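*Asks:* Supplied structure: coords_10.csv, CSV, C-alpha atoms.
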```csv
chain,number,residue,atom,x,y,z
N,1,MET,CA,117.2,101.0,123.3
N,2,LEU,CA,116.6,104.8,123.6
N,3,ARG,CA,115.5,104.4,127.3
N,4,ALA,CA,118.6,102.2,128.0
N,5,ALA,CA,120.8,104.9,126.4
N,6,VAL,CA,119.2,107.8,128.3
N,7,LEU,CA,119.5,106.0,131.6
N,8,ALA,CA,122.8,104.3,130.7
N,9,CYS,CA,123.8,104.0,134.3
N,10,LEU,CA,121.2,104.1,137.1
N,11,LEU,CA,122.2,104.8,140.7
N,12,CYS,CA,122.5,101.1,141.2
N,13,CYS,CA,125.0,100.6,138.4
N,14,GLY,CA,127.8,101.3,140.9
N,15,LEU,CA,127.5,97.6,141.6
N,16,ALA,CA,128.2,96.6,138.0
N,17,ALA,CA,131.0,99.2,137.7
N,18,THR,CA,132.7,97.7,140.7
N,19,LEU,CA,132.9,94.4,138.8
N,20,ARG,CA,133.9,95.9,135.4
N,21,GLY,CA,136.8,98.0,136.6
N,22,PRO,CA,138.4,99.8,139.5
N,23,ARG,CA,136.4,102.7,141.1
N,24,PRO,CA,138.0,105.2,143.4
N,25,ARG,CA,137.6,104.6,147.1
N,26,GLY,CA,138.1,107.2,149.9
N,27,SER,CA,136.4,109.9,151.8
N,28,GLY,CA,133.3,110.9,149.8
N,29,ARG,CA,129.9,111.0,151.2
N,30,ILE,CA,126.2,110.5,150.6
N,31,VAL,CA,125.0,113.4,148.5
N,32,GLY,CA,124.7,116.5,150.6
N,33,GLY,CA,125.1,114.5,153.8
N,34,SER,CA,126.8,114.8,157.1
N,35,PRO,CA,128.6,112.3,159.4
N,36,ALA,CA,126.3,109.9,161.3
N,37,ASP,CA,126.8,107.6,164.2
N,38,ILE,CA,125.6,104.0,164.0
N,39,SER,CA,123.9,104.3,167.3
N,40,ASP,CA,121.4,106.7,165.7
N,41,TYR,CA,120.8,104.2,162.8
N,42,PRO,CA,121.5,100.8,164.4
N,43,TRP,CA,119.7,98.9,161.6
N,44,GLN,CA,122.3,100.0,159.0
N,45,LEU,CA,124.4,97.3,157.5
N,46,SER,CA,127.3,97.2,155.1
N,47,LEU,CA,127.2,94.3,152.6
N,48,GLU,CA,130.7,93.2,151.7
N,49,TYR,CA,132.1,91.0,149.0
N,50,SER,CA,135.7,89.9,149.3
N,51,GLY,CA,136.0,92.4,152.1
N,52,SER,CA,134.8,95.4,150.1
N,53,HIS,CA,131.6,97.3,150.6
N,54,VAL,CA,129.1,96.8,147.7
N,55,CYS,CA,125.7,97.8,149.1
N,56,GLY,CA,123.8,98.8,152.2
N,57,ALA,CA,121.1,96.8,153.9
N,58,SER,CA,119.0,97.0,157.0
N,59,VAL,CA,118.4,94.6,160.0
N,60,ILE,CA,114.8,93.5,160.2
N,61,SER,CA,115.1,90.7,162.7
N,62,SER,CA,117.7,88.7,164.6
N,63,THR,CA,118.5,86.6,161.5
N,64,TRP,CA,117.1,88.6,158.6
N,65,ALA,CA,118.3,91.6,156.6
N,66,MET,CA,116.7,93.5,153.7
N,67,THR,CA,118.3,95.1,150.7
N,68,ALA,CA,117.7,95.9,147.1
N,69,ALA,CA,117.4,93.0,144.6
N,70,HIS,CA,119.9,94.6,142.3
N,71,CYS,CA,122.5,94.2,145.0
N,72,LEU,CA,122.3,90.4,144.5
N,73,TYR,CA,122.3,90.6,140.7
N,74,TYR,CA,126.1,90.2,140.3
N,75,TYR,CA,126.8,88.2,143.4
N,76,GLU,CA,125.8,85.0,145.0
N,77,ALA,CA,124.1,85.7,148.2
N,78,THR,CA,126.2,83.2,150.1
N,79,ALA,CA,129.4,85.1,149.0
N,80,ILE,CA,128.2,88.2,150.9
N,81,THR,CA,128.9,89.1,154.5
N,82,ALA,CA,126.9,91.7,156.5
N,83,ARG,CA,128.8,94.0,158.7
N,84,ALA,CA,126.7,95.3,161.6
N,85,GLY,CA,127.2,97.8,164.4
N,86,THR,CA,129.8,100.2,163.0
N,87,SER,CA,129.9,103.7,161.6
N,88,THR,CA,133.1,102.9,159.7
N,89,ARG,CA,133.1,101.2,156.3
N,90,GLY,CA,135.2,98.1,156.3
N,91,SER,CA,136.1,97.9,160.0
N,92,GLY,CA,134.6,97.4,163.5
N,93,GLY,CA,131.3,95.9,164.4
N,94,THR,CA,130.5,92.3,163.8
N,95,LEU,CA,130.5,90.1,160.6
N,96,HIS,CA,127.6,87.9,159.7
N,97,PRO,CA,128.0,85.5,156.8
N,98,VAL,CA,124.8,85.2,154.6
N,99,SER,CA,123.5,81.6,154.6
N,100,THR,CA,120.7,82.3,152.1
N,101,GLY,CA,119.3,85.1,150.1
N,102,PHE,CA,116.7,85.7,147.4
N,103,THR,CA,115.1,88.5,145.4
N,104,HIS,CA,111.4,89.1,144.7
N,105,GLU,CA,110.2,86.6,142.1
N,106,SER,CA,108.9,89.5,139.9
N,107,TYR,CA,112.1,91.6,140.1
N,108,ASP,CA,112.9,93.4,136.8
N,109,ASN,CA,116.6,94.3,136.4
N,110,VAL,CA,115.9,96.7,133.5
N,111,TYR,CA,113.2,98.9,135.2
N,112,LYS,CA,114.2,98.0,138.8
N,113,ASP,CA,110.6,97.0,139.6
N,114,TYR,CA,110.1,94.9,142.7
N,115,ASP,CA,113.7,95.9,143.7
N,116,ILE,CA,113.8,94.0,147.1
N,117,ALA,CA,115.7,91.1,148.5
N,118,LEU,CA,116.0,89.3,151.8
N,119,LEU,CA,119.2,87.9,153.4
N,120,GLN,CA,119.3,85.3,156.2
N,121,VAL,CA,122.5,85.4,158.2
N,122,SER,CA,124.1,82.3,159.7
N,123,THR,CA,125.1,84.0,162.9
N,124,ALA,CA,122.4,86.0,164.6
N,125,PHE,CA,122.6,89.8,165.1
N,126,THR,CA,123.2,90.6,168.8
N,127,PHE,CA,121.0,93.5,169.7
N,128,GLY,CA,122.4,96.4,171.7
N,129,THR,CA,123.1,100.1,171.3
N,130,ASN,CA,124.6,99.8,167.9
N,131,VAL,CA,122.5,97.0,166.4
N,132,GLN,CA,118.7,97.0,166.4
N,133,PRO,CA,116.0,96.0,163.8
N,134,VAL,CA,114.3,98.8,161.9
N,135,ASP,CA,110.5,99.1,162.2
N,136,LEU,CA,108.5,98.2,159.1
N,137,PRO,CA,105.4,100.0,157.9
N,138,PRO,CA,101.9,98.4,157.7
N,139,ALA,CA,101.2,96.4,154.7
N,140,GLY,CA,99.7,98.4,151.8
N,141,SER,CA,100.8,101.8,153.4
N,142,ASP,CA,102.1,104.6,151.1
N,143,PRO,CA,104.0,107.5,152.6
N,144,GLU,CA,102.4,110.9,152.2
N,145,LYS,CA,103.9,113.7,150.2
N,146,GLY,CA,106.1,115.9,152.4
N,147,THR,CA,106.9,113.2,155.0
N,148,PRO,CA,110.3,114.0,156.4
N,149,VAL,CA,112.8,111.2,155.8
N,150,VAL,CA,116.5,110.4,156.3
N,151,ALA,CA,118.7,108.2,154.1
N,152,THR,CA,122.0,106.8,155.3
N,153,GLY,CA,125.0,105.0,153.7
N,154,TRP,CA,128.6,105.0,152.7
N,155,GLY,CA,128.0,105.9,149.1
N,156,MET,CA,129.6,108.5,146.8
N,157,GLU,CA,129.0,112.3,147.1
N,158,LYS,CA,128.7,112.5,143.3
N,159,HIS,CA,129.0,110.4,140.2
N,160,ASN,CA,132.5,108.9,139.9
N,161,GLY,CA,133.3,110.2,143.3
N,162,GLU,CA,134.6,108.3,146.3
N,163,LEU,CA,132.9,106.0,148.8
N,164,SER,CA,132.7,107.4,152.3
N,165,THR,CA,134.7,105.9,155.2
N,166,GLN,CA,132.3,107.3,157.7
N,167,LEU,CA,128.6,106.6,157.7
N,168,GLN,CA,126.6,109.6,156.3
N,169,GLN,CA,123.1,110.8,156.8
N,170,VAL,CA,121.0,113.2,154.7
N,171,GLU,CA,117.5,114.6,155.5
N,172,SER,CA,114.9,115.0,152.8
N,173,PHE,CA,111.2,114.6,152.2
N,174,ILE,CA,108.8,112.4,150.1
N,175,ILE,CA,107.7,113.9,146.8
N,176,SER,CA,104.5,112.8,145.0
N,177,ARG,CA,104.8,109.9,142.6
N,178,GLU,CA,103.2,112.0,139.9
N,179,VAL,CA,105.9,114.6,140.1
N,180,CYS,CA,108.6,112.0,140.2
N,181,ASP,CA,107.1,110.2,137.2
N,182,SER,CA,107.1,113.4,135.3
N,183,VAL,CA,110.8,113.8,135.9
N,184,TYR,CA,111.5,110.3,134.7
N,185,ASP,CA,109.0,110.5,131.9
N,186,PHE,CA,111.1,108.0,129.9
N,187,TRP,CA,111.2,105.5,132.9
N,188,PRO,CA,108.2,104.2,134.8
N,189,VAL,CA,107.7,105.1,138.4
N,190,ASN,CA,104.9,103.0,139.8
N,191,GLU,CA,103.2,102.2,143.2
N,192,ARG,CA,106.1,99.9,144.2
N,193,MET,CA,108.4,102.9,144.2
N,194,ILE,CA,108.6,106.1,146.2
N,195,CYS,CA,110.7,109.2,145.6
N,196,ALA,CA,112.4,111.7,147.9
N,197,GLY,CA,114.1,115.0,147.4
N,198,ASP,CA,113.9,117.6,144.7
N,199,HIS,CA,117.5,116.7,143.7
N,200,GLY,CA,119.6,113.6,144.3
N,201,ILE,CA,120.4,112.6,147.9
N,202,VAL,CA,122.0,109.1,147.3
N,203,CYS,CA,124.5,107.8,144.9
N,204,ASP,CA,126.6,104.7,144.0
N,205,GLY,CA,127.3,102.6,147.1
N,206,ASP,CA,124.2,103.6,148.9
N,207,SER,CA,122.0,101.0,147.1
N,208,GLY,CA,120.1,98.7,149.3
N,209,GLY,CA,120.2,101.1,152.3
N,210,ALA,CA,117.2,102.4,154.2
N,211,LEU,CA,115.1,105.5,153.8
N,212,VAL,CA,113.5,106.0,157.2
N,213,SER,CA,110.9,108.2,158.9
N,214,GLY,CA,111.9,108.1,162.5
N,215,THR,CA,112.6,104.4,163.1
N,216,THR,CA,110.3,103.1,160.3
N,217,GLN,CA,111.8,102.1,157.0
N,218,LEU,CA,109.7,103.5,154.2
N,219,GLY,CA,112.1,102.8,151.3
N,220,ILE,CA,115.1,100.9,150.0
N,221,VAL,CA,117.7,102.8,147.9
N,222,SER,CA,117.0,101.7,144.4
N,223,TRP,CA,117.7,103.9,141.4
N,224,GLY,CA,118.2,107.3,139.8
N,225,LEU,CA,120.1,109.1,137.1
N,226,VAL,CA,123.8,108.6,136.7
N,227,PHE,CA,124.4,112.3,137.8
N,228,CYS,CA,123.2,111.7,141.3
N,229,GLN,CA,122.8,115.3,142.4
N,230,VAL,CA,120.3,116.5,139.8
N,231,THR,CA,117.1,114.5,140.1
N,232,PRO,CA,115.0,112.9,142.9
N,233,ALA,CA,116.1,109.5,144.1
N,234,VAL,CA,113.8,106.5,143.7
N,235,PHE,CA,113.3,103.9,146.5
N,236,THR,CA,111.5,100.6,146.7
N,237,ASN,CA,108.2,101.2,148.5
N,238,VAL,CA,108.5,98.9,151.6
N,239,GLY,CA,104.8,99.3,152.6
N,240,ASN,CA,103.7,98.1,149.2
N,241,LEU,CA,105.8,94.9,149.5
N,242,ARG,CA,105.3,94.4,153.3
N,243,SER,CA,103.2,91.3,152.9
N,244,TRP,CA,106.0,89.7,150.8
N,245,ILE,CA,108.5,90.4,153.5
N,246,SER,CA,106.3,88.9,156.2
N,247,GLU,CA,105.6,85.8,154.1
N,248,ASN,CA,109.3,85.1,153.4
N,249,ALA,CA,111.0,86.3,156.6
N,250,GLY,CA,108.3,86.0,159.2
N,251,VAL,CA,108.7,89.6,160.2
```
For this file, produce the structure as structure tokens.

*Replies:*
Amino acid sequence: MLRAAVLACLLCCGLAATLRGPRPRGSGRIVGGSPADISDYPWQLSLEYSGSHVCGASVISSTWAMTAAHCLYYYEATAITARAGTSTRGSGGTLHPVSTGFTHESYDNVYKDYDIALLQVSTAFTFGTNVQPVDLPPAGSDPEKGTPVVATGWGMEKHNGELSTQLQQVESFIISREVCDSVYDFWPVNERMICAGDHGIVCDGDSGGALVSGTTQLGIVSWGLVFCQVTPAVFTNVGNLRSWISENAGV
């Protein structure tokens, strides 16, 4: 109970808050970010429910996308539509209904362990300048401390802020798991997680999006403290779960 109280709302709780009551929408941005063009991050997807952005995701093949498991916790996968190929939240690009989706069988919604999900779309992504699959790291790989990374999304600039209309990008770096675990000494940070930044770089609405090094996705936006700006962000370690992705999506 103490842990639940201290981390009363993780970074991913924006999804639950959206269901429980209205949350402001508007022109906020990823924490400390700057405007981005979809052509620079053509794997970026917006997952929509009833026409509203609820999470980010990434294109991994012509028919598969990857996101965080907690993004499917409150929604049926088949009620979600993936919007591809646009820098603007809620408009432009192409819409792709999800035909099936599933989370990792070991997903833990309390501690956000194995926070990964796959979505299959019923209409294939058409690759071009604004839509391309992200590269995935080798199975079992673990990014080194100090690796430069970029996170993208339409999330809030701060807790209880506003979602961004324009896609945002923020540069950061991988920090050691030991340092990250010492920050979250009341919450386990294990080998299926990686951390970036000495302060928050992502917030509500960014969940499920990609953390990349170049064109390779190292992480999936997973969790952090409710006050997004003050502590490192935690991401699902894609390299650690790479074999599961291959087994289930053939990628």

*Asks:* Can you work out which one of N:Val234, N:Val170, N:Ile175, N:Val59 has the shortest atom-to-atom distance to Pro188 (chain N), counting only C-alpha atoms?

*Replies:*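 Closest to Pro188 (chain N) of all the choices is N:Val234.
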
*Asks:* Residues at most 10 Å from Thr123 (chain N), counting all atoms listed in the file, excluding those fewer than 2 positions away in the same chain, as a list of chain:residue names?

*Replies:*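 Contacts, with the query itself left out: N:Ser62, N:Thr63, N:Thr94, N:Leu95, N:His96, N:Pro97, N:Val98, N:Ser99, N:Gln120, N:Val121, N:Phe125, N:Thr126.
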
*Asks:* Which neighbours of region 208-220 of chain N fall inside 6 Å, counting all atoms listed in the file, when residues of the same chain fewer than 6 positions from it are skipped, and could you give them as a PyMOL selection string?

*Replies:* chain N and resi 55-57+67-68+134-136+149-151+235-238

*Asks:* Which residues are close to Phe102 (chain N), i.e. within 8 Å by all atoms listed in the file, leaving aside same-chain residues fewer than 5 positions away? Reply as a PyMOL selection string.

*Replies:* chain N and resi 69+72+77+117-119

*Asks:* Report, in Å with one decimal, the straight-line distance from CA of Gly146 (chain N) to CA of Ile116 (chain N).

*Replies:* 23.8 Å

*Asks:* Mind giving me the straight-line distance from CA of Ser141 (chain N) to CA of Val251 (chain N) in Å, one decimal?

*Replies:*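 One can read the CA of Ser141 (chain N) to CA of Val251 (chain N) distance as 16.0 Å.
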
*Asks:* Find the residues near Ser243 (chain N): any atom within 9 Å, counting all atoms listed in the file, skip ones fewer than 5 places away on the same chain, and give them as a list in words.

*Replies:*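 In the requested format, the answer is Pro138, Ala139, Gly140 and Asn248 of chain N.
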
*Asks:* Quick one: distance from CA of Trp187 (chain N) to CA of Gly155 (chain N) in Å, one decimal?

*Replies:* 23.3 Å

*Asks:* Using all atoms listed in the file for the distances, tell me which of N:Asp198, N:Glu48, N:Glu105, N:Asp37 is nearest to Thr78 (chain N).

*Replies:*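 Closest residue, counting all atoms listed in the file: N:Glu48.
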
*Asks:* Place a sphere of radius 8 Å on (104.0, 101.8, 145.1) in the file coordinates and name every protein, DNA or RNA residue with an atom inside or on its surface, counting all atoms listed in the file; give the answer as a list in words.

*Replies:*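 With a cut-off of 8 Å, the residues come to Asp142, Asn190, Glu191, Arg192, Met193, Ile194, Thr236, Asn237, Gly239 and Asn240 of chain N.
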
*Asks:* Which one is closest to Thr165 (chain N): N:Pro143, N:Ser52, N:Ser207, N:Asp40? Count all atoms listed in the file.

*Replies:*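 Among N:Pro143, N:Ser52, N:Ser207, N:Asp40, it is N:Ser52 that comes nearest to Thr165 (chain N).
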
*Asks:* Could you check which of N:Gly93, N:Lys112, N:Cys180, N:Cys203 is closest to Glu162 (chain N), using all atoms listed in the file?

*Replies:*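 Looking at the shortest contact to Glu162 (chain N), the residue is N:Cys203.
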
*Asks:* Regenerate region 93-126 of chain N at the level of N, CA and C atoms and dump it as a compact mmCIF listing (two decimals), in the frame of the given file.

*Replies:*
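Below is the file rebuild-v2.txt, written as the result:
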```txt
# COMPACT_ATOMS: atom_id res chain seq x y z
N GLY N 93 132.56 96.63 164.40
CA GLY N 93 131.30 95.90 164.40
C GLY N 93 131.48 94.41 164.40
N THR N 94 130.48 93.71 163.88
CA THR N 94 130.50 92.30 163.80
C THR N 94 130.16 91.80 162.38
N LEU N 95 130.75 90.68 161.99
CA LEU N 95 130.50 90.10 160.60
C LEU N 95 129.58 88.96 160.70
N HIS N 96 128.66 88.93 159.75
CA HIS N 96 127.60 87.90 159.70
C HIS N 96 127.52 87.33 158.30
N PRO N 97 128.06 86.14 158.09
CA PRO N 97 128.00 85.50 156.80
C PRO N 97 126.50 85.27 156.39
N VAL N 98 126.20 85.44 155.11
CA VAL N 98 124.80 85.20 154.60
C VAL N 98 124.70 83.72 154.25
N SER N 99 123.70 83.06 154.82
CA SER N 99 123.50 81.60 154.60
C SER N 99 122.53 81.42 153.40
N THR N 100 121.62 82.35 153.21
CA THR N 100 120.70 82.30 152.10
C THR N 100 120.17 83.65 151.76
N GLY N 101 119.81 83.86 150.52
CA GLY N 101 119.30 85.10 150.10
C GLY N 101 118.50 85.00 148.81
N PHE N 102 117.50 85.82 148.62
CA PHE N 102 116.70 85.70 147.40
C PHE N 102 116.03 87.05 147.10
N THR N 103 115.78 87.27 145.84
CA THR N 103 115.10 88.50 145.40
C THR N 103 113.63 88.19 145.17
N HIS N 104 112.87 89.25 145.02
CA HIS N 104 111.40 89.10 144.70
C HIS N 104 111.31 88.38 143.37
N GLU N 105 110.37 87.45 143.29
CA GLU N 105 110.20 86.60 142.10
C GLU N 105 109.82 87.47 140.86
N SER N 106 109.31 88.69 141.06
CA SER N 106 108.90 89.50 139.90
C SER N 106 109.96 90.64 139.65
N TYR N 107 111.11 90.55 140.25
CA TYR N 107 112.10 91.60 140.10
C TYR N 107 112.49 91.76 138.59
N ASP N 108 112.54 93.00 138.15
CA ASP N 108 112.90 93.40 136.80
C ASP N 108 114.16 94.19 136.81
N ASN N 109 115.26 93.62 136.33
CA ASN N 109 116.60 94.30 136.40
C ASN N 109 116.71 95.44 135.43
N VAL N 110 115.81 95.55 134.46
CA VAL N 110 115.90 96.70 133.50
C VAL N 110 115.22 97.91 134.18
N TYR N 111 113.98 97.75 134.64
CA TYR N 111 113.20 98.90 135.20
C TYR N 111 113.31 98.96 136.71
N LYS N 112 114.01 98.02 137.36
CA LYS N 112 114.20 98.00 138.80
C LYS N 112 112.83 97.96 139.53
N ASP N 113 111.89 97.23 138.95
CA ASP N 113 110.60 97.00 139.60
C ASP N 113 110.75 95.84 140.58
N TYR N 114 110.03 95.88 141.69
CA TYR N 114 110.10 94.90 142.70
C TYR N 114 111.58 94.72 143.21
N ASP N 115 112.24 95.87 143.41
CA ASP N 115 113.70 95.90 143.70
C ASP N 115 113.86 95.63 145.24
N ILE N 116 113.68 94.40 145.66
CA ILE N 116 113.80 94.00 147.10
C ILE N 116 114.34 92.63 147.20
N ALA N 117 115.14 92.42 148.22
CA ALA N 117 115.70 91.10 148.50
C ALA N 117 115.84 90.89 149.99
N LEU N 118 115.84 89.64 150.39
CA LEU N 118 116.00 89.30 151.80
C LEU N 118 117.24 88.40 151.95
N LEU N 119 117.95 88.62 153.04
CA LEU N 119 119.20 87.90 153.40
C LEU N 119 119.02 87.26 154.75
N GLN N 120 119.32 85.98 154.86
CA GLN N 120 119.30 85.30 156.20
C GLN N 120 120.79 85.11 156.57
N VAL N 121 121.15 85.52 157.78
CA VAL N 121 122.50 85.40 158.20
C VAL N 121 122.69 84.10 159.05
N SER N 122 123.89 83.52 158.99
CA SER N 122 124.10 82.30 159.70
C SER N 122 124.47 82.48 161.16
N THR N 123 124.93 83.66 161.52
CA THR N 123 125.10 84.00 162.90
C THR N 123 124.23 85.19 163.26
N ALA N 124 123.38 85.03 164.24
CA ALA N 124 122.40 86.00 164.60
C ALA N 124 122.97 87.36 164.97
N PHE N 125 122.26 88.43 164.66
CA PHE N 125 122.60 89.80 165.10
C PHE N 125 122.39 89.81 166.66
N THR N 126 123.34 90.37 167.39
CA THR N 126 123.20 90.60 168.80
C THR N 126 122.75 92.01 169.05
```
